[in-house]
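Worksheet: one structure, shown below.
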Amino acid sequence: MLLSRFDAFNEPVVMLLPVDILEDIQIEDTNSGKRFICANMGSVREWQCPWNYTIIDHIAPSFKLILEENFLSVSNTTLTPANAQMNNAGWWLQRTRLNNCLNKLLKSMEESWLGPWRCLLLGQHSDPQYMDITVSKLIRYLKAQFKVEVNDTTIRAILGGAKSVDDAEACISQVLLYKGYFGRGACCGEERFGALWAACHAGIESVSELVHSLIQEAIKKQEPIHRDPIILVLDSDVQMLPWENLPILRSQEVYRMLSVGSILSVLNSCCSIHKLDKEPGAVLPAVDPSNTYYLLNPGGDLDSTQVEFEQWFRDQKWEGKVGNVPTTEELVLALQSHDLFLYFGHGSGTQYISEREIQKLDQCAVSLLMGCSSGSLVHNGCYAPQGVPISYLFAGSPAVIANLWDVTDKDIDRFGKAILDSWLQEESAALDNCTRCDQLVKQFGCMGIDGEGNDTILKTRKRTYRGKNLQQSCEGNKCKGCGRRKMIASFMSQARDACKLPLLIGASPVCYGVPTIISRES
């Protein structure tokens with residue numbers, strides 16, 4: 001696996017990590033030996049895998065089976081409510097087992113594929129200067145003792161993200177083993193490299209009193225810690241996996257995009273463009289939750305969802321439709337004239353507005369699509385994945401939260417309620433200046449987002465999302481030093497925990513797009 005870490009101010013870090021085939025996870029009932037969802041229960045629908053075949057089917061075969069079992073379970077409770085009620089305890093037992101299987105799979109992915117190098121996935125510390133002295137001391141020591149050129153960014157990522165002293169020492173040992181060129185994951189340890197690994201490890205241990213103390217000092221500084229958001233750019237062969245729910249990332253603010261170029265395109269499409277020689281040097285899109293349009297239960301068969309949200313939405317004085325099918329024209333106008341679009345219904349809503357109509361838009365709201373598989377991308381061999389979230393991004397939406405696989409209505413309603421409630425919360429104190437936001441502004445400013453003479457802009461959008469730069473948005477939104485980050489994906493972790501099944505259901509929603517400020521207008 002090729003893992004690359006980029007940010008605006010530092011050298012990139014590129015790691016080549018060997019990927020082992022994950023051990024099969026037992027999906028069967030341990031007592032009967034049968035699959036959780038028996039064939040004789042029947043299902044009118046058959047699960048359609050959104051990808052034909054990828055490397056994931058070879059190295060993590062249990063993932064597809066978990067999704068299929070989840071689909072059969074969801075379909076069965078939807079199509080045969082009487083049976084589901086009669087076997088409620090058994091159904092929940094099946095669902096809990098699948099949740100546990102997914103949890104085990106994600107832990108195995110992190111331990112086997114990433115090992116101690118999981119630290120590279122974490123966002124940069126909001127105050128990157130907090131460990132400058134420690135990093136400088138360690139680099140000087142390693143250069144003097146081992147005569148290797150060490151990447152400053154690599155050491156900073158290790159010290160700033162390692163889960164333990166042992167993890168940090170393992171990473172540094174591997175950097176020395178390969179003369180600073182690239183690291184290897186936990187699966188490339190002593191058992192594969194034998195004497196070479198032992199000699200290097202013995203070498204660092206014999207002179208590592210200072211190294212050990214510096215690592216301990218850095219690890220102590222990690223908690224509590226606020227990190228900048230990250231954007232995952234995933235290969236099409238692995239984008240179906242819920243990477244955001246690896247144990248190391250469950251408290252991290254995470255977005256996903258198809259390419260680095262698409263990040264720049266979305267920022268150019270959604271933001272007011274500032275010249276690079278001015279301060280602040282860049283802007284991030286902002287969304288005002290008070291300017292919301294909702295489409296709630298348009299199919300008329302999600303009664304509990306309608307009961308949960310209808311009065312609450314009306315209390316917010318939002319515009320929208322409940323229990324009725326809108327026209328395409330209504331949805332086009334809603335997406336163009338509102339900051340936030342909420343969809344609580346079946347699928348991704350393309351039965352009411354097609355992807356082609358969405359792609360025609362010159363501007364598009366931030367969108368929360370809570371239907372089954374609303375964020376799933378169809379992967380056809382060597383061709384680029386396609387899906388509804390891509391259409392929204394192409395139309396100018398800066399962020400889209402949608403589901404990678406099928407979900408049950410009540411549990412995904414818990415997620416939706418939690419994330420919306422978080423967005424609507426108001427902070428109680430403000431700071432005149434936020435160093436974290438200044439840092440994030442500068443990072444995006446260094447990405448080459450320039451309104452003049454930029455031939456790489458794929459599609460220029462008229463909308464500026466209120467034209468707020470990041471610093472202004474944070475100040476107006478009572479940033480409180482970003483101790484609580486008011487961005488679209490900032491509260492995904494808490495919302496997942498609101499679900500009864502925090503992985504089987506909570507891991508399904510992911511956020512496509514770029515960091516987008518939650519900002520109420522006065």
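By convention in this document, the chains of the structure tokens carry letters A, B, ... by their order, each chain's residues are numbered from 1, and ligands are numbered from 1 in the order they are shown.
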
Any idea what's packed within 7 Å of region 353-355 of chain A, counting only C-alpha atoms, ignoring anything in its chain fewer than 5 positions away? Could you give it as an mmCIF file with N, CA and C atoms, in the first residue's frame?
data_model
loop_
_atom_site.group_PDB
_atom_site.id
_atom_site.type_symbol
_atom_site.label_atom_id
_atom_site.label_comp_id
_atom_site.auth_asym_id
_atom_site.auth_seq_id
_atom_site.Cartn_x
_atom_site.Cartn_y
_atom_site.Cartn_z
ATOM 1 N N THR A 328 -39.126 18.250 -9.759
ATOM 2 C CA THR A 328 -37.702 18.483 -9.996
ATOM 3 C C THR A 328 -37.377 19.962 -9.903
ATOM 4 N N LEU A 331 -36.858 21.128 -6.324
ATOM 5 C CA LEU A 331 -35.586 20.727 -5.744
ATOM 6 C C LEU A 331 -34.419 21.499 -6.350
ATOM 7 N N VAL A 388 -23.740 9.680 -6.571
ATOM 8 C CA VAL A 388 -24.468 10.911 -6.285
ATOM 9 C C VAL A 388 -23.609 11.965 -5.600
ATOM 10 N N SER A 391 -21.788 14.047 -8.056
ATOM 11 C CA SER A 391 -22.647 14.987 -8.782
ATOM 12 C C SER A 391 -22.878 16.255 -7.968
#

- Item | Residue contacts of region 88-101 of chain A (8 Å, only C-alpha atoms) excluding same-chain residues fewer than 4 positions away, as a list in words |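 In the requested format, the answer is Ile25, Gln26, Ile27, Phe36, Ile37, Ile66, Glu69, Asn70, Ser73, Ala84, Leu105, Leu501, Pro502, Leu503 and Leu504 of chain A.
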
- Message: Between A:Phe491, A:Trp51, A:Phe9, A:Tyr141, which residue has the minimum interatomic distance to Asn380 (chain A), considering only C-alpha atoms?
- Response: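 The closest residue to Asn380 (chain A) is A:Trp51.
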
- What is the distance between CA of Ser62 (chain A) and CA of Gly375 (chain A), in Å to one decimal?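 Calculated distance between CA of Ser62 (chain A) and CA of Gly375 (chain A) is 20.7 Å.
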
- Item | Minimum-distance residue to Arg156 (chain A), chosen among A:Gln363, A:Asn10, A:Ser208, A:Ser519 (using only C-alpha atoms) | A:Asn10

- Find the residue from A:Glu217, A:Asp421, A:Glu110, A:Asp228 that sits nearest to Glu244 (chain A); use only C-alpha atoms when measuring.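 Under the stated criterion, the closest residue is A:Glu110.
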
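Here CA of Val407 (chain A) stands at a distance of 10.0 Å from CA of His346 (chain A).
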
- Item | Separation of CA of Gly123 (chain A) from CA of Pro18 (chain A) in Å |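 Those two atoms sit 22.9 Å apart.
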
- Task: Find the spatial neighbours of Ile158 (chain A), counting only C-alpha atoms, within a cut-off of 7 Å - ignore same-chain residues fewer than 3 positions away - and output them as a PyMOL selection string.
- Result: chain A and resi 119+154-155+161-162+168

Would you save the residues from that selection as a PDB file, in the first residue's frame, using N, CA, C and O atoms?
ATOM      1  N   CYS A 119       0.037   6.662  12.610  1.00  0.00           N
ATOM      2  CA  CYS A 119       0.191   8.067  13.010  1.00  0.00           C
ATOM      3  C   CYS A 119       0.167   9.017  11.822  1.00  0.00           C
ATOM      4  O   CYS A 119      -0.173  10.198  11.969  1.00  0.00           O
ATOM      5  N   THR A 154       8.492  13.606   8.770  1.00  0.00           N
ATOM      6  CA  THR A 154       8.264  12.248   9.251  1.00  0.00           C
ATOM      7  C   THR A 154       8.393  12.173  10.765  1.00  0.00           C
ATOM      8  O   THR A 154       7.530  11.600  11.447  1.00  0.00           O
ATOM      9  N   ILE A 155       9.457  12.748  11.300  1.00  0.00           N
ATOM     10  CA  ILE A 155       9.672  12.729  12.752  1.00  0.00           C
ATOM     11  C   ILE A 155       8.552  13.477  13.463  1.00  0.00           C
ATOM     12  O   ILE A 155       8.039  13.038  14.507  1.00  0.00           O
ATOM     13  N   GLY A 161       1.769  11.855  16.579  1.00  0.00           N
ATOM     14  CA  GLY A 161       0.620  10.977  16.384  1.00  0.00           C
ATOM     15  C   GLY A 161       0.752   9.567  16.917  1.00  0.00           C
ATOM     16  O   GLY A 161      -0.235   8.829  16.929  1.00  0.00           O
ATOM     17  N   ALA A 162       1.946   9.163  17.338  1.00  0.00           N
ATOM     18  CA  ALA A 162       2.131   7.788  17.822  1.00  0.00           C
ATOM     19  C   ALA A 162       1.246   7.519  19.037  1.00  0.00           C
ATOM     20  O   ALA A 162       1.108   8.359  19.925  1.00  0.00           O
ATOM     21  N   ALA A 168       6.205   4.781  18.586  1.00  0.00           N
ATOM     22  CA  ALA A 168       7.134   5.804  18.103  1.00  0.00           C
ATOM     23  C   ALA A 168       8.531   5.222  17.891  1.00  0.00           C
ATOM     24  O   ALA A 168       9.195   5.490  16.884  1.00  0.00           O
TER      25      ALA A 168
END

- For Ser213 (chain A): contacts at 12 Å, only C-alpha atoms, fewer than 6 positions along chain excluded, given as an MDAnalysis selection string: chainID A and resid 134 137:138 159 165 168:169 207 219:220

Write the selection just made, keeping C-alpha atoms, as a short mmCIF file (atom, residue, chain, number, x, y, z; two decimals), in the first residue's frame?
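Result file part09.cif:
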data_model
loop_
_atom_site.label_atom_id
_atom_site.label_comp_id
_atom_site.auth_asym_id
_atom_site.auth_seq_id
_atom_site.Cartn_x
_atom_site.Cartn_y
_atom_site.Cartn_z
CA THR A 134 11.75 18.12 20.80
CA LYS A 137 16.80 17.60 19.39
CA LEU A 138 15.80 14.18 18.10
CA LEU A 159 6.02 12.23 17.66
CA VAL A 165 6.27 5.10 23.12
CA ALA A 168 7.13 5.80 18.10
CA GLU A 169 10.31 3.80 18.71
CA VAL A 207 22.14 4.64 22.67
CA ILE A 219 3.65 11.59 23.80
CA LYS A 220 2.69 13.36 27.02
#

- Nearest to Trp423 (chain A) among A:Pro509, A:Ile358, A:Glu308, A:Val287, with distances taken over only C-alpha atoms: which residue is it?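 Among the listed residues, the smallest separation from Trp423 (chain A) belongs to A:Val287.
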
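Proximity ranking of A:Ile231, A:Cys382, A:Leu16, A:Leu72 relative to Tyr178 (chain A) places A:Leu16 first, based on only C-alpha atoms.
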